[in-house]
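For reference, start-v3.cif (mmCIF, C-alpha atoms and all ligand atoms):
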```
data_protein
loop_
_atom_site.label_atom_id
_atom_site.label_comp_id
_atom_site.auth_asym_id
_atom_site.auth_seq_id
_atom_site.Cartn_x
_atom_site.Cartn_y
_atom_site.Cartn_z
CA SER A 28 -13.99 -7.88 -16.00
CA LYS A 29 -12.58 -5.58 -13.36
CA GLY A 30 -8.90 -5.49 -12.47
CA ALA A 31 -8.30 -7.28 -9.19
CA SER A 32 -6.32 -4.30 -7.97
CA SER A 33 -9.43 -2.14 -8.16
CA HIS A 34 -10.85 -4.17 -5.26
CA ARG A 35 -8.06 -3.21 -2.92
CA VAL A 36 -8.42 -0.58 -0.26
CA THR A 37 -5.36 -1.60 1.73
CA PRO A 38 -2.07 -1.48 -0.16
CA GLY A 39 -0.04 -4.65 -0.17
CA LEU A 40 -2.64 -7.00 1.23
CA SER A 41 -2.04 -9.71 -1.36
CA ARG A 42 0.35 -8.27 -3.82
CA LYS A 43 0.64 -11.28 -6.09
CA SER A 44 -2.93 -11.42 -7.21
CA ARG A 45 -2.82 -7.90 -8.64
CA ARG A 46 -1.50 -9.21 -11.91
CA HIS A 47 -4.69 -11.12 -12.58
CA SER A 48 -8.11 -9.84 -13.34
CA VAL A 49 -11.44 -11.40 -12.48
CA THR A 50 -14.97 -10.41 -11.64
CA CYS A 51 -15.16 -11.36 -7.98
CA GLU A 52 -18.41 -12.40 -6.38
CA ALA A 53 -19.05 -10.77 -3.05
CA LYS A 54 -19.12 -12.87 0.10
CA LYS A 55 -20.54 -13.14 3.62
CA VAL A 56 -17.94 -13.25 6.38
CA ALA A 57 -18.51 -14.09 10.07
CA LEU A 58 -15.97 -12.83 12.62
CA LEU A 59 -16.08 -14.65 15.97
CA GLY A 60 -14.37 -12.65 18.71
CA ALA A 61 -15.15 -9.38 16.94
CA GLY A 62 -15.17 -7.25 20.10
CA GLY A 63 -11.54 -7.98 20.99
CA GLY A 64 -8.16 -6.46 20.30
CA ILE A 65 -7.86 -8.19 16.92
CA GLY A 66 -11.59 -8.33 16.25
CA GLN A 67 -12.12 -4.56 16.25
CA PRO A 68 -9.51 -3.49 13.69
CA LEU A 69 -10.20 -6.64 11.64
CA SER A 70 -13.90 -5.69 11.58
CA LEU A 71 -12.91 -2.32 10.17
CA LEU A 72 -10.63 -3.80 7.50
CA LEU A 73 -13.38 -6.22 6.46
CA LYS A 74 -15.91 -3.37 6.37
CA MET A 75 -13.53 -1.68 3.91
CA ASN A 76 -13.15 -4.75 1.70
CA LYS A 77 -15.01 -4.70 -1.59
CA LEU A 78 -15.11 -8.50 -1.78
CA VAL A 79 -17.29 -8.65 1.34
CA THR A 80 -21.04 -8.05 1.06
CA GLU A 81 -22.11 -8.97 4.58
CA LEU A 82 -20.19 -8.99 7.82
CA SER A 83 -21.51 -10.78 10.92
CA LEU A 84 -19.79 -9.74 14.13
CA TYR A 85 -20.02 -12.16 17.05
CA ASP A 86 -18.66 -11.98 20.59
CA ILE A 87 -19.73 -12.75 24.14
CA ALA A 88 -19.23 -9.11 25.17
CA GLY A 89 -19.21 -5.62 23.70
CA VAL A 90 -20.01 -6.49 20.12
CA ALA A 91 -23.08 -4.27 19.72
CA GLY A 92 -20.91 -1.17 20.16
CA VAL A 93 -18.35 -2.29 17.60
CA GLY A 94 -21.13 -3.12 15.14
CA ALA A 95 -22.95 0.20 15.62
CA ASP A 96 -19.67 2.06 15.26
CA ILE A 97 -18.37 0.52 12.05
CA SER A 98 -21.83 0.33 10.47
CA HIS A 99 -21.59 4.11 10.02
CA CYS A 100 -18.66 3.81 7.61
CA ASN A 101 -20.12 4.53 4.19
CA THR A 102 -18.96 1.35 2.48
CA PRO A 103 -21.52 -1.11 1.06
CA VAL A 104 -20.77 -3.97 3.50
CA LYS A 105 -23.88 -4.80 5.56
CA VAL A 106 -22.87 -5.22 9.22
CA SER A 107 -24.85 -7.16 11.86
CA SER A 108 -23.90 -7.85 15.48
CA PHE A 109 -24.63 -10.99 17.46
CA ASN A 110 -24.04 -11.24 21.19
CA GLY A 111 -23.72 -14.43 23.20
CA PRO A 112 -24.22 -18.13 22.42
CA GLU A 113 -27.96 -17.81 21.79
CA GLU A 114 -27.17 -15.49 18.84
CA LEU A 115 -24.26 -17.51 17.45
CA GLU A 116 -26.43 -19.41 14.98
CA GLY A 117 -27.61 -16.11 13.49
CA ALA A 118 -24.01 -14.95 13.08
CA LEU A 119 -23.06 -18.10 11.22
CA GLN A 120 -26.08 -18.31 8.92
CA GLY A 121 -24.95 -18.23 5.30
CA ALA A 122 -21.31 -17.40 6.10
CA GLU A 123 -18.81 -18.53 3.49
CA LEU A 124 -15.77 -17.50 5.52
CA ILE A 125 -15.53 -17.67 9.32
CA ILE A 126 -12.57 -15.99 10.99
CA ILE A 127 -11.96 -16.90 14.65
CA PRO A 128 -9.80 -14.68 16.87
CA ALA A 129 -11.93 -15.48 19.98
CA GLY A 130 -9.95 -16.33 23.09
CA VAL A 131 -7.39 -14.99 25.52
CA PRO A 132 -4.03 -13.51 24.48
CA ARG A 133 -0.62 -13.96 26.16
CA LYS A 134 0.82 -11.89 28.95
CA PRO A 135 4.59 -11.47 29.46
CA GLY A 136 6.26 -14.73 30.50
CA MET A 137 3.65 -16.97 28.89
CA THR A 138 4.06 -19.28 25.91
CA ARG A 139 1.26 -19.66 23.39
CA ASP A 140 0.72 -23.17 24.73
CA ASP A 141 -0.09 -21.64 28.14
CA LEU A 142 -3.31 -20.40 26.48
CA PHE A 143 -4.41 -23.94 25.62
CA ASN A 144 -6.51 -24.57 28.74
CA VAL A 145 -8.79 -21.60 28.09
CA ASN A 146 -8.73 -21.34 24.31
CA ALA A 147 -9.08 -25.01 23.36
CA GLY A 148 -12.61 -25.11 24.77
CA ILE A 149 -13.58 -21.82 23.13
CA VAL A 150 -12.42 -23.04 19.72
CA LYS A 151 -14.09 -26.42 20.17
CA ALA A 152 -17.46 -24.84 20.97
CA LEU A 153 -17.28 -22.32 18.13
CA VAL A 154 -16.26 -24.93 15.55
CA GLU A 155 -19.03 -27.27 16.76
CA ALA A 156 -21.50 -24.47 16.06
CA ALA A 157 -19.94 -23.75 12.66
CA SER A 158 -20.10 -27.43 11.79
CA LYS A 159 -23.80 -27.45 12.64
CA HIS A 160 -24.94 -24.15 11.12
CA CYS A 161 -22.63 -23.64 8.12
CA PRO A 162 -20.59 -26.78 7.49
CA GLU A 163 -19.52 -25.62 4.03
CA ALA A 164 -17.75 -22.46 5.23
CA VAL A 165 -14.01 -21.97 5.24
CA ILE A 166 -12.82 -21.62 8.85
CA GLN A 167 -9.70 -19.60 9.65
CA LEU A 168 -8.25 -19.93 13.11
CA VAL A 169 -6.32 -17.06 14.64
CA THR A 170 -6.79 -18.21 18.25
CA ASN A 171 -3.61 -19.51 19.89
CA PRO A 172 -2.07 -21.96 20.23
CA VAL A 173 -2.71 -22.29 16.48
CA ASN A 174 -0.53 -25.44 16.37
CA SER A 175 -3.20 -27.13 18.53
CA THR A 176 -6.41 -25.21 17.76
CA VAL A 177 -6.37 -26.24 14.07
CA PRO A 178 -6.15 -29.98 14.94
CA ILE A 179 -8.98 -29.42 17.46
CA ALA A 180 -11.14 -27.89 14.72
CA ALA A 181 -10.38 -30.79 12.37
CA GLU A 182 -11.29 -33.40 15.01
CA VAL A 183 -14.54 -31.60 15.85
CA MET A 184 -15.53 -31.62 12.18
CA LYS A 185 -14.53 -35.29 11.83
CA LYS A 186 -16.78 -36.23 14.74
CA ALA A 187 -19.66 -34.30 13.20
CA GLY A 188 -19.08 -35.89 9.78
CA THR A 189 -18.47 -32.48 8.23
CA HIS A 190 -14.70 -32.56 7.93
CA ASN A 191 -13.19 -31.02 4.83
CA PRO A 192 -9.46 -30.39 5.29
CA ALA A 193 -9.51 -27.87 2.45
CA LYS A 194 -11.70 -25.62 4.58
CA ILE A 195 -9.77 -25.41 7.85
CA MET A 196 -6.81 -23.06 7.95
CA GLY A 197 -4.56 -21.78 10.68
CA VAL A 198 -3.70 -18.14 10.14
CA SER A 199 0.09 -17.90 10.10
CA THR A 200 0.11 -14.90 7.77
CA LEU A 201 1.56 -12.62 10.47
CA ASP A 202 4.79 -14.60 10.34
CA VAL A 203 5.07 -13.90 6.61
CA VAL A 204 4.14 -10.23 7.11
CA ARG A 205 6.88 -9.91 9.74
CA ALA A 206 9.46 -11.81 7.70
CA ASN A 207 8.76 -9.58 4.67
CA THR A 208 9.10 -6.44 6.80
CA PHE A 209 12.31 -7.48 8.55
CA VAL A 210 14.04 -8.80 5.42
CA ALA A 211 13.12 -5.66 3.48
CA GLU A 212 14.55 -3.52 6.29
CA ALA A 213 17.74 -5.56 6.57
CA LYS A 214 18.40 -5.62 2.84
CA LYS A 215 17.07 -2.12 2.07
CA LEU A 216 14.52 -3.53 -0.36
CA ASP A 217 11.13 -2.13 -1.24
CA VAL A 218 8.88 -4.16 1.08
CA LYS A 219 6.23 -4.58 -1.59
CA ASP A 220 8.68 -6.67 -3.62
CA VAL A 221 9.63 -9.01 -0.78
CA ASP A 222 8.06 -12.41 -0.18
CA VAL A 223 9.49 -14.80 2.41
CA PRO A 224 7.76 -18.16 2.87
CA VAL A 225 7.37 -19.12 6.53
CA VAL A 226 6.54 -22.77 7.17
CA GLY A 227 6.13 -25.18 10.10
CA GLY A 228 3.82 -23.85 12.78
CA HIS A 229 2.97 -20.68 14.67
CA ALA A 230 4.85 -20.82 17.98
CA GLY A 231 8.49 -20.24 18.90
CA ALA A 232 10.89 -22.60 17.12
CA THR A 233 8.09 -24.10 15.01
CA ILE A 234 8.00 -20.80 13.06
CA LEU A 235 10.45 -21.58 10.25
CA PRO A 236 11.22 -18.78 7.79
CA LEU A 237 12.72 -20.08 4.55
CA LEU A 238 15.10 -17.21 3.89
CA SER A 239 16.81 -19.29 1.19
CA GLN A 240 13.54 -19.18 -0.79
CA ALA A 241 12.95 -15.43 -0.41
CA THR A 242 11.88 -13.33 -3.37
CA PRO A 243 13.97 -11.49 -4.44
CA PRO A 244 16.86 -13.78 -3.55
CA VAL A 245 18.77 -12.44 -0.54
CA SER A 246 22.01 -13.65 0.97
CA PHE A 247 22.87 -13.74 4.64
CA THR A 248 25.93 -14.94 6.53
CA ASP A 249 25.30 -17.85 8.89
CA ALA A 250 25.21 -15.46 11.85
CA GLU A 251 22.78 -13.10 10.09
CA LYS A 252 20.57 -16.01 9.09
CA LYS A 253 20.34 -17.13 12.70
CA MET A 254 19.61 -13.60 13.93
CA MET A 255 16.94 -12.98 11.31
CA THR A 256 15.26 -16.33 11.96
CA GLU A 257 15.16 -15.66 15.70
CA LYS A 258 13.86 -12.12 15.14
CA ILE A 259 10.92 -13.52 13.15
CA GLN A 260 10.30 -16.30 15.69
CA ASN A 261 10.38 -13.89 18.66
CA ALA A 262 8.39 -11.06 17.09
CA GLY A 263 5.15 -12.02 18.85
CA THR A 264 6.90 -12.09 22.21
CA VAL A 265 8.45 -8.67 21.55
CA VAL A 266 4.94 -7.25 21.12
CA VAL A 267 3.65 -9.08 24.23
CA GLU A 268 6.49 -7.56 26.28
CA ALA A 269 6.03 -4.08 24.80
CA LYS A 270 2.32 -4.21 25.66
CA ALA A 271 3.35 -5.19 29.19
CA GLY A 272 0.26 -7.16 30.22
CA LYS A 273 -2.23 -5.53 27.85
CA GLY A 274 -2.23 -8.41 25.35
CA SER A 275 -0.40 -9.36 22.18
CA ALA A 276 -0.28 -8.23 18.55
CA THR A 277 -3.66 -6.90 17.45
CA LEU A 278 -3.13 -4.30 14.71
CA SER A 279 -0.50 -6.19 12.69
CA MET A 280 -2.55 -9.34 13.28
CA ALA A 281 -5.71 -7.70 11.97
CA TYR A 282 -3.71 -6.56 8.92
CA ALA A 283 -2.41 -10.12 8.41
CA ALA A 284 -5.85 -11.73 8.86
CA ALA A 285 -7.35 -9.19 6.45
CA ARG A 286 -4.73 -10.16 3.88
CA MET A 287 -5.47 -13.85 4.40
CA ALA A 288 -9.22 -13.22 4.19
CA GLU A 289 -8.87 -11.22 1.01
CA SER A 290 -6.73 -13.89 -0.64
CA THR A 291 -9.20 -16.57 0.45
CA LEU A 292 -12.19 -14.63 -0.89
CA MET A 293 -10.38 -14.15 -4.19
CA GLY A 294 -9.71 -17.89 -4.35
CA LEU A 295 -13.36 -18.66 -3.52
CA SER A 296 -14.38 -16.31 -6.32
CA GLY A 297 -12.34 -18.19 -8.89
CA GLU A 298 -9.30 -15.93 -9.05
CA PRO A 299 -6.35 -18.10 -10.17
CA ASN A 300 -2.85 -18.24 -8.69
CA ILE A 301 -3.59 -17.00 -5.18
CA TYR A 302 -0.97 -18.33 -2.79
CA GLU A 303 -0.54 -17.81 0.96
CA CYS A 304 1.33 -19.67 3.65
CA SER A 305 -1.12 -21.33 6.02
CA TYR A 306 -1.11 -24.00 8.74
CA VAL A 307 -3.25 -26.79 7.29
CA GLN A 308 -3.79 -30.51 7.19
CA SER A 309 -0.88 -31.68 5.12
CA ASP A 310 1.15 -34.63 3.97
CA VAL A 311 4.24 -32.68 2.97
CA VAL A 312 6.04 -33.85 6.12
CA PRO A 313 5.79 -37.55 6.99
CA ASP A 314 4.08 -38.29 10.34
CA CYS A 315 3.19 -34.63 10.87
CA PRO A 316 -0.50 -34.29 9.97
CA PHE A 317 -0.59 -30.46 10.14
CA PHE A 318 2.05 -28.15 8.79
CA ALA A 319 2.27 -24.57 7.53
CA SER A 320 3.45 -24.17 3.98
CA LYS A 321 2.48 -22.34 0.84
CA VAL A 322 -1.02 -23.26 -0.30
CA LEU A 323 -2.95 -22.49 -3.46
CA LEU A 324 -6.35 -20.99 -2.62
CA GLY A 325 -9.25 -21.92 -4.84
CA PRO A 326 -13.06 -22.07 -5.13
CA ASN A 327 -13.25 -24.64 -2.28
CA GLY A 328 -10.61 -23.27 0.07
CA VAL A 329 -7.20 -24.95 -0.09
CA ALA A 330 -6.82 -26.22 -3.65
CA LYS A 331 -3.29 -27.51 -3.20
CA VAL A 332 -0.68 -27.76 -0.46
CA LEU A 333 2.71 -27.04 -1.98
CA PRO A 334 5.83 -29.00 -1.08
CA LEU A 335 8.46 -27.30 1.07
CA GLY A 336 11.06 -27.00 -1.65
CA ASN A 337 14.77 -27.01 -0.94
CA MET A 338 15.95 -25.97 2.48
CA ASP A 339 19.54 -24.98 3.17
CA ALA A 340 21.52 -26.71 5.93
CA PHE A 341 20.53 -24.13 8.58
CA GLU A 342 16.83 -24.41 7.74
CA GLN A 343 17.04 -28.21 7.68
CA ALA A 344 18.61 -28.22 11.16
CA CYS A 345 15.90 -25.86 12.48
CA PHE A 346 13.25 -28.08 10.87
CA ASP A 347 14.66 -31.26 12.46
CA ALA A 348 14.92 -29.59 15.87
CA MET A 349 11.37 -28.22 15.98
CA LEU A 350 9.43 -31.16 14.56
CA PRO A 351 8.94 -33.01 17.89
CA GLU A 352 7.44 -29.84 19.48
CA LEU A 353 5.07 -29.35 16.56
CA LYS A 354 3.96 -32.99 16.60
CA ALA A 355 3.34 -32.83 20.36
CA SER A 356 1.18 -29.70 19.98
CA ILE A 357 -0.83 -31.43 17.25
CA GLN A 358 -1.36 -34.52 19.40
CA LYS A 359 -2.38 -32.35 22.36
CA GLY A 360 -5.14 -30.79 20.23
CA ILE A 361 -6.32 -34.15 18.88
CA ASP A 362 -6.41 -35.67 22.40
CA PHE A 363 -8.36 -32.70 23.77
CA ALA A 364 -11.00 -32.92 21.06
CA ASN A 365 -11.43 -36.66 21.64
CA ALA A 366 -11.37 -36.57 25.45
P1 LIG A 401 -8.73 -10.08 23.23
O1 LIG A 401 -8.83 -10.58 24.62
O2 LIG A 401 -8.47 -8.63 23.03
O3 LIG A 401 -10.03 -10.44 22.42
C1 LIG A 401 -10.57 -11.72 22.42
C2 LIG A 401 -12.05 -11.61 22.24
O4 LIG A 401 -12.58 -12.93 22.24
C3 LIG A 401 -12.77 -10.83 23.37
O5 LIG A 401 -13.58 -9.81 22.81
C4 LIG A 401 -13.60 -11.90 24.06
O6 LIG A 401 -14.84 -11.42 24.58
C5 LIG A 401 -13.82 -12.87 22.91
N1 LIG A 401 -14.24 -14.21 23.35
C6 LIG A 401 -13.82 -14.94 24.41
N2 LIG A 401 -14.49 -16.10 24.47
C7 LIG A 401 -15.34 -16.11 23.41
C8 LIG A 401 -16.30 -17.02 22.94
N3 LIG A 401 -16.53 -18.18 23.55
N4 LIG A 401 -16.99 -16.70 21.83
C9 LIG A 401 -16.75 -15.54 21.18
N5 LIG A 401 -15.88 -14.62 21.60
C10 LIG A 401 -15.18 -14.91 22.71
O7 LIG A 401 -7.58 -10.95 22.48
P2 LIG A 401 -6.90 -10.66 21.05
O8 LIG A 401 -5.72 -9.80 21.24
O9 LIG A 401 -7.95 -10.25 20.09
O10 LIG A 401 -6.35 -12.13 20.71
C11 LIG A 401 -7.24 -13.18 20.43
C12 LIG A 401 -6.50 -14.47 20.15
O11 LIG A 401 -5.70 -14.36 18.97
C13 LIG A 401 -5.54 -14.90 21.25
O12 LIG A 401 -5.65 -16.29 21.47
C14 LIG A 401 -4.17 -14.58 20.68
O13 LIG A 401 -3.15 -15.38 21.22
C15 LIG A 401 -4.41 -14.89 19.23
N6 LIG A 401 -3.44 -14.30 18.30
C16 LIG A 401 -3.03 -15.06 17.24
C17 LIG A 401 -2.16 -14.54 16.31
C18 LIG A 401 -1.74 -15.37 15.13
O14 LIG A 401 -0.76 -15.00 14.47
N7 LIG A 401 -2.40 -16.44 14.78
C19 LIG A 401 -1.68 -13.24 16.45
C20 LIG A 401 -2.12 -12.48 17.53
C21 LIG A 401 -3.00 -13.03 18.45
C1 LIG A 402 1.82 -13.35 17.55
O1 LIG A 402 2.64 -14.02 16.91
O2 LIG A 402 1.92 -12.11 17.66
C2 LIG A 402 0.66 -14.03 18.19
O3 LIG A 402 0.77 -15.42 18.09
C3 LIG A 402 0.39 -13.57 19.58
C4 LIG A 402 1.43 -13.99 20.56
O4 LIG A 402 1.06 -14.54 21.60
O5 LIG A 402 2.62 -13.76 20.32
#
```

As C-alpha cells, what does this structure read like?
Amino acid sequence: SKGASSHRVTPGLSRKSRRHSVTCEAKKVALLGAGGGIGQPLSLLLKMNKLVTELSLYDIAGVAGVGADISHCNTPVKVSSFNGPEELEGALQGAELIIIPAGVPRKPGMTRDDLFNVNAGIVKALVEAASKHCPEAVIQLVTNPVNSTVPIAAEVMKKAGTHNPAKIMGVSTLDVVRANTFVAEAKKLDVKDVDVPVVGGHAGATILPLLSQATPPVSFTDAEKKMMTEKIQNAGTVVVEAKAGKGSATLSMAYAAARMAESTLMGLSGEPNIYECSYVQSDVVPDCPFFASKVLLGPNGVAKVLPLGNMDAFEQACFDAMLPELKASIQKGIDFANA
C-alpha cells in the first residue's frame, strides 16, 4: 500500500493522517458555487488532489470559464462544468462528496446571520437536489450562517426521508486553521506541530477555541487567553474589513475546505484515525442538537462525535455565554426549513 503522505500535494492539509498508510480509492466530488471567491481556488486545490478522480463544478454563473481553465492543469482529475439549475442533476450524478460554498458573503458591518435571508433558500434548494439525485453523498456546508444552514440541510433531508446525520457537516475547519496559525505565532512554535480544537459553532462568540486542549500544551495568562480567543473569533471579520466590500475569506477558506475534503475522502476510503473539528448533529451538549467538536471520519462520513473534554474556567464561561445564541441560530434554521 502507498504511504498516505504520497497523496499530498498541499503541505499540512491533514497532518495527522500522514502516520498511517492505506491504498485510497479515488472519489467523485461536486462543488456547488464553484465560480465564486471560494469556489475558484477550491476547484484548483481539488484538481490537484490525488484522492479525487472526477470533479463536477456547478454554479449559476461563470462556471464554464473556471472549468475550461483548470481542466488544462495536467493532473488526472476529470473536470466537468454545469451551469444553472437545469444542469444541477448532472453535476450531482454519482458524487460521493458535495461541497457547498454557494451564496453571498458578508460586507463590512454585517454579521453572518445577516446572510440568512439570501443563503437559507440557496442551501435549501441545493440540498433538496442533492437529496433527490445523490442521497448517499456526504454534504459539506461552507455557506454562512453555518450555524443555521446545517440544521436547514438536516431538516430538508428529514422531509425527503434521506436524512443521515453522519453525512451532513458544517465546515468549521477555518477556525482550526486560524487557531493553529495564531497560537504557533504567539508561542513561536512550528505551525505544523500545532493543533487547537475549536468547538461550538461558526459565528462570533459561538466560535470556541479550546486553548487548554492545544497540542503541544501551551500556557496563557488569563488576559492572553481572552485576547487569543477573541482574535480567533474575530478573524473572519478582520478579513471582511480588509477586503472592504469585496467579500470575505476565500483563499484561506479554500485551503481549509480542501483540508476538510481531503480528510473526509481519506475517511471514506477506509483510512483510520482521521479527525477534524466539524459542526454536526450531536448529542455532546444537552438540548443543543448541532455542535462543532472533534469528529472521527470514516467510510460513511462521521463515524463518531467526540465529547468536548475538559474545559478550563474561562472556556466554560465562554461556552455558557454563547449557548443561547447557538441554539437560537439552530432553531432559526429548523423553522425556515419547515415553514
Ligand atoms: P462569492 O459571492 O464570491 O461566490 C459565491 C458563488 O455562489 C457565486 O459564484 C454565485 O454565483 C454562487 N451562487 C449563488 N447562488 C447559487 C445557487 N443557487 N447555486 C449555485 N451557486 C450559486 O462568495 P464566497 O466568498 O465564495 O463565499 C461563499 C459563502 O461562503 C458565503 O456565504 C460566505 O459567507 C461563506 N464562507 C464561509 C466560511 C466558513 O468558514 N464556513 C468562510 C468563508 C466564507
Ligand atoms: C470566515 O470566518 O471567514 C467566514 O465565515 C466568512 C465571514 O463572513 O467571516

Contact table segment 237-325 of chain A vs segment 209-215 of chain A, cut-off 12 Å, shortest pair per residue, all atoms listed in the file, as JSON lines:
```
{"residue": "A:Leu237", "atom": "CA", "partner": "A:Val210", "partner_atom": "CA", "distance": 11.4}
{"residue": "A:Leu238", "atom": "CA", "partner": "A:Val210", "partner_atom": "CA", "distance": 8.6}
{"residue": "A:Ser239", "atom": "CA", "partner": "A:Val210", "partner_atom": "CA", "distance": 11.6}
{"residue": "A:Ala241", "atom": "CA", "partner": "A:Val210", "partner_atom": "CA", "distance": 8.9}
{"residue": "A:Thr242", "atom": "CA", "partner": "A:Val210", "partner_atom": "CA", "distance": 10.1}
{"residue": "A:Pro243", "atom": "CA", "partner": "A:Ala211", "partner_atom": "CA", "distance": 9.9}
{"residue": "A:Pro244", "atom": "CA", "partner": "A:Lys214", "partner_atom": "CA", "distance": 10.5}
{"residue": "A:Val245", "atom": "CA", "partner": "A:Lys214", "partner_atom": "CA", "distance": 7.6}
{"residue": "A:Ser246", "atom": "CA", "partner": "A:Lys214", "partner_atom": "CA", "distance": 9.0}
{"residue": "A:Phe247", "atom": "CA", "partner": "A:Lys214", "partner_atom": "CA", "distance": 9.4}
{"residue": "A:Glu251", "atom": "CA", "partner": "A:Ala213", "partner_atom": "CA", "distance": 9.7}
{"residue": "A:Lys252", "atom": "CA", "partner": "A:Val210", "partner_atom": "CA", "distance": 10.4}
{"residue": "A:Met254", "atom": "CA", "partner": "A:Phe209", "partner_atom": "CA", "distance": 10.9}
{"residue": "A:Met255", "atom": "CA", "partner": "A:Phe209", "partner_atom": "CA", "distance": 7.7}
{"residue": "A:Thr256", "atom": "CA", "partner": "A:Phe209", "partner_atom": "CA", "distance": 9.9}
{"residue": "A:Glu257", "atom": "CA", "partner": "A:Phe209", "partner_atom": "CA", "distance": 11.2}
{"residue": "A:Lys258", "atom": "CA", "partner": "A:Phe209", "partner_atom": "CA", "distance": 8.2}
{"residue": "A:Ile259", "atom": "CA", "partner": "A:Phe209", "partner_atom": "CA", "distance": 7.7}
{"residue": "A:Gln260", "atom": "CA", "partner": "A:Phe209", "partner_atom": "CA", "distance": 11.5}
{"residue": "A:Ala262", "atom": "CA", "partner": "A:Phe209", "partner_atom": "CA", "distance": 10.1}
```

- Tell me, as a PyMOL selection string, which residues lie within 8 Å of segment 56-71 of chain A, counting only C-alpha atoms; anything in the same chain fewer than 3 positions away does not count. chain A and resi 74-75+79+81-90+93+97+118-119+122-130+276-278+280-282+284-285

- Which chains and residue numbers are within 6 Å of ligand LIG 402 (chain A), counting only C-alpha atoms and all ligand atoms, if I want them as a list in words? Pro132, Arg133, Arg139, Gly263, Thr264, Ser275 and Ala276 of chain A

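Using all atoms listed in the file, the shortest contact distance between Gly136 of chain A and any of A:Cys304, A:Ala156, A:Leu324, A:Val265 is found at A:Val265.
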
- Nearest to ligand LIG 401 (chain A) by atom-to-atom distance, counting only C-alpha atoms and all ligand atoms, from A:Val154, A:Ala164, A:Ala91, A:Val173: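 Nearest candidate to ligand LIG 401 (chain A) out of A:Val154, A:Ala164, A:Ala91, A:Val173: A:Val173.
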
- Task: Excluding Ser305 of chain A and any residue of its chain fewer than 5 positions from it, enumerate the residues within 9 Å of it, using all atoms listed in the file, and give them as a list in words.
- Result: Met196, Gly197, Val198, Ser199, Thr200, Val225, Val226, Gly228, Met287, Phe318, Ala319, Ser320, Lys321 and Val322 of chain A

Write out, as a PDB file, in the frame of the given file, the residues just selected, with C-alpha atoms.
```pdb
ATOM      1  CA  MET A 196      -6.810 -23.060   7.950  1.00  0.00           C
ATOM      2  CA  GLY A 197      -4.560 -21.780  10.680  1.00  0.00           C
ATOM      3  CA  VAL A 198      -3.700 -18.140  10.140  1.00  0.00           C
ATOM      4  CA  SER A 199       0.090 -17.900  10.100  1.00  0.00           C
ATOM      5  CA  THR A 200       0.110 -14.900   7.770  1.00  0.00           C
ATOM      6  CA  VAL A 225       7.370 -19.120   6.530  1.00  0.00           C
ATOM      7  CA  VAL A 226       6.540 -22.770   7.170  1.00  0.00           C
ATOM      8  CA  GLY A 228       3.820 -23.850  12.780  1.00  0.00           C
ATOM      9  CA  MET A 287      -5.470 -13.850   4.400  1.00  0.00           C
ATOM     10  CA  PHE A 318       2.050 -28.150   8.790  1.00  0.00           C
ATOM     11  CA  ALA A 319       2.270 -24.570   7.530  1.00  0.00           C
ATOM     12  CA  SER A 320       3.450 -24.170   3.980  1.00  0.00           C
ATOM     13  CA  LYS A 321       2.480 -22.340   0.840  1.00  0.00           C
ATOM     14  CA  VAL A 322      -1.020 -23.260  -0.300  1.00  0.00           C
TER      15      VAL A 322
END
```

- Task: Between atom CA of Val329 of chain A and atom CA of Asn191 of chain A, measure the distance and give it in Å to one decimal.
- Result: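 Those two atoms sit 9.8 Å apart.
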
- Query: Looking at A:Ser356, A:Thr233, A:Pro316, A:Ala269, which one is nearest to Ala181 of chain A, with distances taken over all atoms listed in the file?
  - Reply: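 Smallest distance to Ala181 of chain A is found for A:Pro316.
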
- Query: Could you pull the residues within 9 Å of Phe341 of chain A, counting all atoms listed in the file, minus those fewer than 2 positions along the same chain, as a count of residues only?
  - Reply: 9

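Within 12 Å of Pro351 of chain A, once only C-alpha atoms are used and residues closer than 2 positions along the same chain are dropped, the contacting residues are Gly227, Gly228, Ala232, Thr233, Asp314, Cys315, Cys345, Phe346, Asp347, Ala348, Met349, Leu353, Lys354, Ala355, Ser356, Ile357 and Gln358 of chain A.
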
Those same residues - C-alpha atoms - I'd like them written as a compact mmCIF listing (two decimals), in the coordinates of the input.
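File again-v9.txt, as written:
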```txt
# COMPACT_ATOMS: atom_id res chain seq x y z
CA GLY A 227 6.13 -25.18 10.10
CA GLY A 228 3.82 -23.85 12.78
CA ALA A 232 10.89 -22.60 17.12
CA THR A 233 8.09 -24.10 15.01
CA ASP A 314 4.08 -38.29 10.34
CA CYS A 315 3.19 -34.63 10.87
CA CYS A 345 15.90 -25.86 12.48
CA PHE A 346 13.25 -28.08 10.87
CA ASP A 347 14.66 -31.26 12.46
CA ALA A 348 14.92 -29.59 15.87
CA MET A 349 11.37 -28.22 15.98
CA LEU A 353 5.07 -29.35 16.56
CA LYS A 354 3.96 -32.99 16.60
CA ALA A 355 3.34 -32.83 20.36
CA SER A 356 1.18 -29.70 19.98
CA ILE A 357 -0.83 -31.43 17.25
CA GLN A 358 -1.36 -34.52 19.40
```

- Mind giving me the straight-line distance from atom CA of Pro135 of chain A to atom CA of Gly360 of chain A in Å, one decimal?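 Answer for the atom CA of Pro135 of chain A to atom CA of Gly360 of chain A separation: 23.5 Å.
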
- Go through A:Val106, A:Ala187, A:Ala230, A:Cys100 and flag the residue nearest ligand LIG 401 (chain A), using all atoms listed in the file for the distances. A:Ala230

- Please indicate the distance in Å from atom CA of Glu268 of chain A to atom C4 of ligand LIG 401 (chain A), rounded to one decimal place.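 A separation of 20.7 Å between them.
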
- Which one is closest to ligand LIG 401 (chain A): A:Leu72, A:Val203, A:Ala180, A:Val165? Count only C-alpha atoms and all ligand atoms. A:Val203

- Nearest to ligand LIG 401 (chain A) by atom-to-atom distance, counting all atoms listed in the file, from A:Pro334, A:Pro299, A:Pro162, A:Pro112: A:Pro112

- Task: Could you give me, as a VMD selection string, the residues within 10 Å of Ala193 of chain A, counting all atoms listed in the file and dropping anything in the same chain fewer than 2 positions from it?
- Result: chain A and resid 165 to 166 190 to 191 195 to 196 307 to 309 324 to 325 327 to 332
